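Engineer: Below you will find the structure I want to go over with you.
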Amino acid sequence: MRTWIKDPLAILAEGAERGVVVEGSRIVALVPSGGEPEEPLDAVFDASRHVVLPGLINTHHHFFQTLARAHPQGIDKELFPWLQSLYPIWGRIDPDMFRLGVRLALTELLMSGCTTAMDHHYLFARGLEDAIDVEIEEAQALGLRAVMARGSLTLGQSEGAAPPDHCVQDEDTILADSERLLNRYHDTSEGAMTQIALAPCAPFVVSLSIMRQSARLAERFDCRLHTHLAETTDEEAYCQERFGLRPLDWLEEAGWLGPRTWLAHGVHFTCEECDRLGRAGVGVCHCPTSNATLASGFCKTRELEAAGSPVGLGVDGSASNDSSNLMEEVRHAVMVNRLHYRSSSAVTHRDALRWATEGSARCLGRDDIGRIAPGKQADLALFTLDELRFSGAHDPIAALVLCGANRADRVMVAGVWRIVDGVPPGVDLLALIAAHSAAARKFA
């Protein structure tokens, strides 16, 4: 099937003024101004109402937290007290609740223009031993490209950490399940729809041993490594008190300071540490909304990029973002960074869109997604400017970010339309909301 996505209102690609041609799962041609497709076509999609972006790529999330949005126990708290308040609540999650939380998060991401969804799942309470399998099933049902990070907790309340002990697993169990998932799901081929990453949760809830063993397993299976790092000053103080190391030194001690690794948050790195990360090729997922909600601080995005680190974008968990909308996150990234750098030109709308596409793809080690170019996967997000908020806008691409687009009209993943007229075909949104809301009430 060869389809011309014809004459977009605007497109985030050079030399594609008249659109793109998609065949199978790939983009096969860009059509420049004044041009026509050179090969015969099977279909034409009129994109004259649409602004076309590469599919957005989310590089940090916790799907299950959609069940605890705006929870009274978590409101107006910083990270450590927030975790201490919510872990006992999260520990009550059951398999049916979990599946609904995952389904809603994936649907929300897809509707926001996200085509590759990543989740960092570390909560393996009783009955959730197959949590990653459930996430993959739900992503496949919606047609999303997925990177599922098998997280872990090895330290619980009995050892002075926040997680309930029944959510903690021993290292043999973690490693055995990690290997099972890698053998079953991890696809390293071009255009892969499903990949596995290994993701011990954070310095204050895992051992150095599980970090080191995960790094060895990742090398063996050629998968990525992911963890939270340098999110708060409390974490920094914890690492110095417990290990005698700053968080980045702890990461290096674990054997993770290399191009296989991408980190969530990266707020409290010094300029020298940004240089170290850049030299090592370590990526950082910027989570501006979560960092603002928890008052964690500002990520040095410009310093990290200048040093050579890939910078991606993530919504983070919906209990610290209260949303799973990646297009909204692009706008928040612009605003937060301008505030941090005290300059309205320090970070542009195109910078933030680059983080959500090319930068996120680099964090995941992918060169087949994140750009509109021949040979790349046909992952596209199409937005209209038909709402009041866009009236009077002169630059369509800038308008998406600065005027606050939050819902795509069409989304294509691997050449297949997965959002049509703003909704995923076959999904009863009202029924999903009702079932998810009923499940969330169990957390009351």
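Residues are referred to by chain and number: the chain letter is A, B, ... according to the order shown in the structure tokens, the number counts from 1 in that chain, and ligands are numbered separately from 1 in the order shown.
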So that I can see what lies close to region 41-53 of chain A, please list as a PDB file with N, CA, C and O atoms, in the first residue's frame the residues with an atom at most 9 Å from it, counting only C-alpha atoms and leaving out residues fewer than 5 positions away in the same chain.
Structural biologist:
```pdb
ATOM      1  N   MET A   1       0.853  -1.200   0.000  1.00  0.00           N
ATOM      2  CA  MET A   1       0.000   0.000   0.000  1.00  0.00           C
ATOM      3  C   MET A   1       0.886   1.246   0.000  1.00  0.00           C
ATOM      4  O   MET A   1       1.695   1.438   0.910  1.00  0.00           O
ATOM      5  N   ARG A   2       0.747   2.055  -1.011  1.00  0.00           N
ATOM      6  CA  ARG A   2       1.568   3.266  -1.167  1.00  0.00           C
ATOM      7  C   ARG A   2       0.642   4.474  -1.053  1.00  0.00           C
ATOM      8  O   ARG A   2      -0.228   4.683  -1.906  1.00  0.00           O
ATOM      9  N   THR A   3       0.839   5.275   0.000  1.00  0.00           N
ATOM     10  CA  THR A   3      -0.068   6.376   0.313  1.00  0.00           C
ATOM     11  C   THR A   3       0.670   7.704   0.335  1.00  0.00           C
ATOM     12  O   THR A   3       1.725   7.826   0.959  1.00  0.00           O
ATOM     13  N   TRP A   4       0.086   8.691  -0.333  1.00  0.00           N
ATOM     14  CA  TRP A   4       0.622  10.058  -0.288  1.00  0.00           C
ATOM     15  C   TRP A   4      -0.154  10.845   0.746  1.00  0.00           C
ATOM     16  O   TRP A   4      -1.373  11.027   0.635  1.00  0.00           O
ATOM     17  N   ILE A   5       0.510  11.308   1.785  1.00  0.00           N
ATOM     18  CA  ILE A   5      -0.069  12.236   2.754  1.00  0.00           C
ATOM     19  C   ILE A   5       0.202  13.618   2.175  1.00  0.00           C
ATOM     20  O   ILE A   5       1.301  14.147   2.276  1.00  0.00           O
ATOM     21  N   LYS A   6      -0.817  14.180   1.572  1.00  0.00           N
ATOM     22  CA  LYS A   6      -0.657  15.237   0.574  1.00  0.00           C
ATOM     23  C   LYS A   6      -0.913  16.637   1.121  1.00  0.00           C
ATOM     24  O   LYS A   6      -1.879  16.872   1.837  1.00  0.00           O
ATOM     25  N   ASP A   7      -0.030  17.545   0.737  1.00  0.00           N
ATOM     26  CA  ASP A   7      -0.205  18.990   0.930  1.00  0.00           C
ATOM     27  C   ASP A   7      -0.584  19.396   2.348  1.00  0.00           C
ATOM     28  O   ASP A   7      -1.623  20.024   2.597  1.00  0.00           O
ATOM     29  N   PRO A   8       0.271  19.057   3.325  1.00  0.00           N
ATOM     30  CA  PRO A   8      -0.037  19.452   4.709  1.00  0.00           C
ATOM     31  C   PRO A   8      -0.002  20.965   4.877  1.00  0.00           C
ATOM     32  O   PRO A   8       0.690  21.680   4.138  1.00  0.00           O
ATOM     33  N   LEU A   9      -0.734  21.430   5.854  1.00  0.00           N
ATOM     34  CA  LEU A   9      -0.700  22.841   6.216  1.00  0.00           C
ATOM     35  C   LEU A   9       0.722  23.253   6.588  1.00  0.00           C
ATOM     36  O   LEU A   9       1.192  24.346   6.260  1.00  0.00           O
ATOM     37  N   ALA A  10       1.421  22.354   7.290  1.00  0.00           N
ATOM     38  CA  ALA A  10       2.843  22.516   7.613  1.00  0.00           C
ATOM     39  C   ALA A  10       3.368  21.144   7.993  1.00  0.00           C
ATOM     40  O   ALA A  10       2.606  20.256   8.378  1.00  0.00           O
ATOM     41  N   ILE A  11       4.692  20.971   7.879  1.00  0.00           N
ATOM     42  CA  ILE A  11       5.293  19.688   8.215  1.00  0.00           C
ATOM     43  C   ILE A  11       6.680  19.928   8.804  1.00  0.00           C
ATOM     44  O   ILE A  11       7.421  20.802   8.330  1.00  0.00           O
ATOM     45  N   LEU A  12       7.026  19.188   9.820  1.00  0.00           N
ATOM     46  CA  LEU A  12       8.327  19.352  10.473  1.00  0.00           C
ATOM     47  C   LEU A  12       9.360  18.491   9.753  1.00  0.00           C
ATOM     48  O   LEU A  12       9.823  17.453  10.243  1.00  0.00           O
ATOM     49  N   ALA A  13       9.694  18.900   8.542  1.00  0.00           N
ATOM     50  CA  ALA A  13      10.683  18.197   7.726  1.00  0.00           C
ATOM     51  C   ALA A  13      11.111  19.106   6.597  1.00  0.00           C
ATOM     52  O   ALA A  13      10.294  19.868   6.055  1.00  0.00           O
ATOM     53  N   GLY A  19       4.274  17.051   1.216  1.00  0.00           N
ATOM     54  CA  GLY A  19       3.925  15.866   1.991  1.00  0.00           C
ATOM     55  C   GLY A  19       4.921  14.733   1.895  1.00  0.00           C
ATOM     56  O   GLY A  19       6.067  14.905   1.466  1.00  0.00           O
ATOM     57  N   VAL A  21       5.335  10.244   1.244  1.00  0.00           N
ATOM     58  CA  VAL A  21       4.775   9.008   0.713  1.00  0.00           C
ATOM     59  C   VAL A  21       5.164   7.871   1.641  1.00  0.00           C
ATOM     60  O   VAL A  21       6.342   7.719   1.999  1.00  0.00           O
ATOM     61  N   GLY A 113      -0.506  12.224  20.400  1.00  0.00           N
ATOM     62  CA  GLY A 113       0.462  12.228  19.301  1.00  0.00           C
ATOM     63  C   GLY A 113       1.676  11.372  19.541  1.00  0.00           C
ATOM     64  O   GLY A 113       2.620  11.384  18.748  1.00  0.00           O
ATOM     65  N   LEU A 353      10.339  20.237  20.504  1.00  0.00           N
ATOM     66  CA  LEU A 353       9.868  19.191  19.598  1.00  0.00           C
ATOM     67  C   LEU A 353      10.998  18.234  19.236  1.00  0.00           C
ATOM     68  O   LEU A 353      10.772  17.026  19.095  1.00  0.00           O
ATOM     69  N   THR A 357      11.229  14.023  19.906  1.00  0.00           N
ATOM     70  CA  THR A 357      11.294  13.158  18.723  1.00  0.00           C
ATOM     71  C   THR A 357      12.715  12.603  18.550  1.00  0.00           C
ATOM     72  O   THR A 357      13.019  11.516  19.044  1.00  0.00           O
ATOM     73  N   ARG A 371      12.208  11.037  13.125  1.00  0.00           N
ATOM     74  CA  ARG A 371      12.335  12.043  12.061  1.00  0.00           C
ATOM     75  C   ARG A 371      11.459  11.659  10.887  1.00  0.00           C
ATOM     76  O   ARG A 371      11.200  10.479  10.655  1.00  0.00           O
ATOM     77  N   ILE A 372      11.061  12.659  10.139  1.00  0.00           N
ATOM     78  CA  ILE A 372      10.348  12.438   8.881  1.00  0.00           C
ATOM     79  C   ILE A 372      11.392  12.471   7.771  1.00  0.00           C
ATOM     80  O   ILE A 372      11.878  13.541   7.382  1.00  0.00           O
ATOM     81  N   ASP A 379       5.920   6.799  11.423  1.00  0.00           N
ATOM     82  CA  ASP A 379       5.286   7.191  12.676  1.00  0.00           C
ATOM     83  C   ASP A 379       5.033   8.695  12.595  1.00  0.00           C
ATOM     84  O   ASP A 379       5.988   9.494  12.612  1.00  0.00           O
ATOM     85  N   LEU A 380       3.773   9.099  12.516  1.00  0.00           N
ATOM     86  CA  LEU A 380       3.422  10.490  12.268  1.00  0.00           C
ATOM     87  C   LEU A 380       2.285  10.920  13.181  1.00  0.00           C
ATOM     88  O   LEU A 380       1.376  10.137  13.473  1.00  0.00           O
ATOM     89  N   ALA A 381       2.328  12.172  13.602  1.00  0.00           N
ATOM     90  CA  ALA A 381       1.255  12.765  14.396  1.00  0.00           C
ATOM     91  C   ALA A 381       0.733  13.983  13.649  1.00  0.00           C
ATOM     92  O   ALA A 381       1.501  14.901  13.338  1.00  0.00           O
ATOM     93  N   LEU A 382      -0.556  14.000  13.363  1.00  0.00           N
ATOM     94  CA  LEU A 382      -1.182  15.063  12.592  1.00  0.00           C
ATOM     95  C   LEU A 382      -2.171  15.826  13.470  1.00  0.00           C
ATOM     96  O   LEU A 382      -3.076  15.228  14.065  1.00  0.00           O
ATOM     97  N   PHE A 383      -1.975  17.133  13.537  1.00  0.00           N
ATOM     98  CA  PHE A 383      -2.814  17.999  14.361  1.00  0.00           C
ATOM     99  C   PHE A 383      -3.542  19.000  13.471  1.00  0.00           C
ATOM    100  O   PHE A 383      -2.985  19.465  12.467  1.00  0.00           O
ATOM    101  N   THR A 384      -4.758  19.372  13.855  1.00  0.00           N
ATOM    102  CA  THR A 384      -5.465  20.454  13.181  1.00  0.00           C
ATOM    103  C   THR A 384      -5.393  21.711  14.038  1.00  0.00           C
ATOM    104  O   THR A 384      -5.090  21.654  15.231  1.00  0.00           O
ATOM    105  N   LEU A 385      -5.695  22.835  13.396  1.00  0.00           N
ATOM    106  CA  LEU A 385      -5.711  24.127  14.094  1.00  0.00           C
ATOM    107  C   LEU A 385      -7.122  24.708  14.089  1.00  0.00           C
ATOM    108  O   LEU A 385      -7.330  25.908  13.912  1.00  0.00           O
ATOM    109  N   ASP A 386      -8.101  23.842  14.327  1.00  0.00           N
ATOM    110  CA  ASP A 386      -9.506  24.233  14.195  1.00  0.00           C
ATOM    111  C   ASP A 386     -10.141  24.722  15.490  1.00  0.00           C
ATOM    112  O   ASP A 386     -11.328  25.027  15.515  1.00  0.00           O
ATOM    113  N   PRO A 396       2.177  27.705  11.907  1.00  0.00           N
ATOM    114  CA  PRO A 396       1.421  26.532  12.357  1.00  0.00           C
ATOM    115  C   PRO A 396       2.190  25.618  13.311  1.00  0.00           C
ATOM    116  O   PRO A 396       1.605  25.099  14.275  1.00  0.00           O
ATOM    117  N   ILE A 397       3.470  25.414  13.069  1.00  0.00           N
ATOM    118  CA  ILE A 397       4.233  24.528  13.951  1.00  0.00           C
ATOM    119  C   ILE A 397       4.443  25.176  15.309  1.00  0.00           C
ATOM    120  O   ILE A 397       4.256  24.538  16.356  1.00  0.00           O
ATOM    121  N   LEU A 400       1.258  24.964  17.480  1.00  0.00           N
ATOM    122  CA  LEU A 400       0.988  23.720  18.206  1.00  0.00           C
ATOM    123  C   LEU A 400       1.550  23.779  19.616  1.00  0.00           C
ATOM    124  O   LEU A 400       0.913  23.344  20.580  1.00  0.00           O
ATOM    125  N   ASP A 409      -5.334  14.781  15.723  1.00  0.00           N
ATOM    126  CA  ASP A 409      -6.500  14.379  14.937  1.00  0.00           C
ATOM    127  C   ASP A 409      -6.265  13.022  14.282  1.00  0.00           C
ATOM    128  O   ASP A 409      -7.191  12.218  14.166  1.00  0.00           O
ATOM    129  N   ARG A 410      -5.030  12.786  13.862  1.00  0.00           N
ATOM    130  CA  ARG A 410      -4.640  11.514  13.238  1.00  0.00           C
ATOM    131  C   ARG A 410      -3.266  11.121  13.770  1.00  0.00           C
ATOM    132  O   ARG A 410      -2.393  11.969  13.923  1.00  0.00           O
TER     133      ARG A 410
END
```
Engineer: Hey, what's within 9 Å of region 163-169 of chain A if we count only C-alpha atoms and toss same-chain stuff fewer than 5 positions away? As a list in words, please?
Structural biologist: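 My reading of the contact set: Leu83, Gln84, Tyr87, Pro88, Gly91, Tyr122, Leu123, Phe124, Ala125, Arg126, Ser152, Leu153, Thr154, Leu155, Gly156, Gln157, Ser158, Ile174 and Val205 of chain A.
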Engineer: For a test of reading the model, state the distance in Å between CA of Leu67 (chain A) and CA of Val423 (chain A), rounded to one decimal.
Structural biologist: 21.3 Å
Engineer: Using DSSP assignments from the backbone, pull out every residue in region 106-219 of chain A that falls under helix (DSSP H, G or I) and give it to me as a ChimeraX atom specification.
Structural biologist: /A:106-111,131-142,157-159,165-167,171-185,208-219
Engineer: Return as JSON lines the residues of region 297-396 of chain A lying at most 12 Å from region 96-107 of chain A, together with the closest atom-to-atom pair for each and the distance in Å to one decimal, counting only C-alpha atoms, with rows in chain order and ascending residue number.
Structural biologist:
```
{"residue": "A:Val315", "atom": "CA", "partner": "A:Ala105", "partner_atom": "CA", "distance": 10.6}
{"residue": "A:Asp316", "atom": "CA", "partner": "A:Ala105", "partner_atom": "CA", "distance": 11.0}
{"residue": "A:Gly317", "atom": "CA", "partner": "A:Ala105", "partner_atom": "CA", "distance": 9.5}
{"residue": "A:Ser318", "atom": "CA", "partner": "A:Ala105", "partner_atom": "CA", "distance": 8.3}
{"residue": "A:Ala319", "atom": "CA", "partner": "A:Gly101", "partner_atom": "CA", "distance": 11.6}
{"residue": "A:Asp322", "atom": "CA", "partner": "A:Ala105", "partner_atom": "CA", "distance": 10.8}
{"residue": "A:Ser323", "atom": "CA", "partner": "A:Ala105", "partner_atom": "CA", "distance": 8.5}
{"residue": "A:Ser324", "atom": "CA", "partner": "A:Ala105", "partner_atom": "CA", "distance": 6.1}
{"residue": "A:Asn325", "atom": "CA", "partner": "A:Ala105", "partner_atom": "CA", "distance": 8.9}
{"residue": "A:Leu326", "atom": "CA", "partner": "A:Ala105", "partner_atom": "CA", "distance": 11.0}
```
Engineer: Please produce a file of the residues just selected, as a short mmCIF file (atom, residue, chain, number, x, y, z; two decimals), in the first residue's frame, where the atoms kept are N, CA and C atoms.
Structural biologist:
```cif
data_model
loop_
_atom_site.label_atom_id
_atom_site.label_comp_id
_atom_site.auth_asym_id
_atom_site.auth_seq_id
_atom_site.Cartn_x
_atom_site.Cartn_y
_atom_site.Cartn_z
N VAL A 315 6.74 12.28 30.19
CA VAL A 315 5.67 12.84 31.01
C VAL A 315 5.83 12.45 32.48
N ASP A 316 6.61 11.42 32.77
CA ASP A 316 6.75 10.84 34.10
C ASP A 316 5.41 10.29 34.56
N GLY A 317 5.36 9.77 35.78
CA GLY A 317 4.16 9.14 36.27
C GLY A 317 3.01 10.11 36.45
N SER A 318 1.80 9.59 36.26
CA SER A 318 0.63 10.46 36.33
C SER A 318 0.26 10.86 37.74
N ALA A 319 0.99 10.38 38.75
CA ALA A 319 0.76 10.88 40.10
C ALA A 319 1.66 12.08 40.41
N ASP A 322 0.03 14.17 36.70
CA ASP A 322 -1.44 14.19 36.65
C ASP A 322 -1.95 14.17 35.23
N SER A 323 -1.07 13.85 34.28
CA SER A 323 -1.46 13.73 32.89
C SER A 323 -0.49 12.76 32.22
N SER A 324 -0.92 12.21 31.08
CA SER A 324 -0.04 11.39 30.25
C SER A 324 -0.02 11.96 28.84
N ASN A 325 0.03 13.27 28.74
CA ASN A 325 -0.10 13.96 27.46
C ASN A 325 1.26 14.51 27.04
N LEU A 326 1.86 13.85 26.04
CA LEU A 326 3.23 14.23 25.66
C LEU A 326 3.27 15.54 24.88
#
```
Engineer: I'd like to know which of A:His286, A:Arg150, A:His61, A:His265 is closest to Cys223 (chain A), using only C-alpha atoms.
Structural biologist: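 The shortest atom-to-atom distance to Cys223 (chain A) comes from A:Arg150.
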Engineer: Have a look at CA of Leu402 (chain A) and CA of Ser360 (chain A) and let me know their distance in Å, one decimal.
Structural biologist: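 CA of Ser360 (chain A) lies 20.6 Å from CA of Leu402 (chain A).
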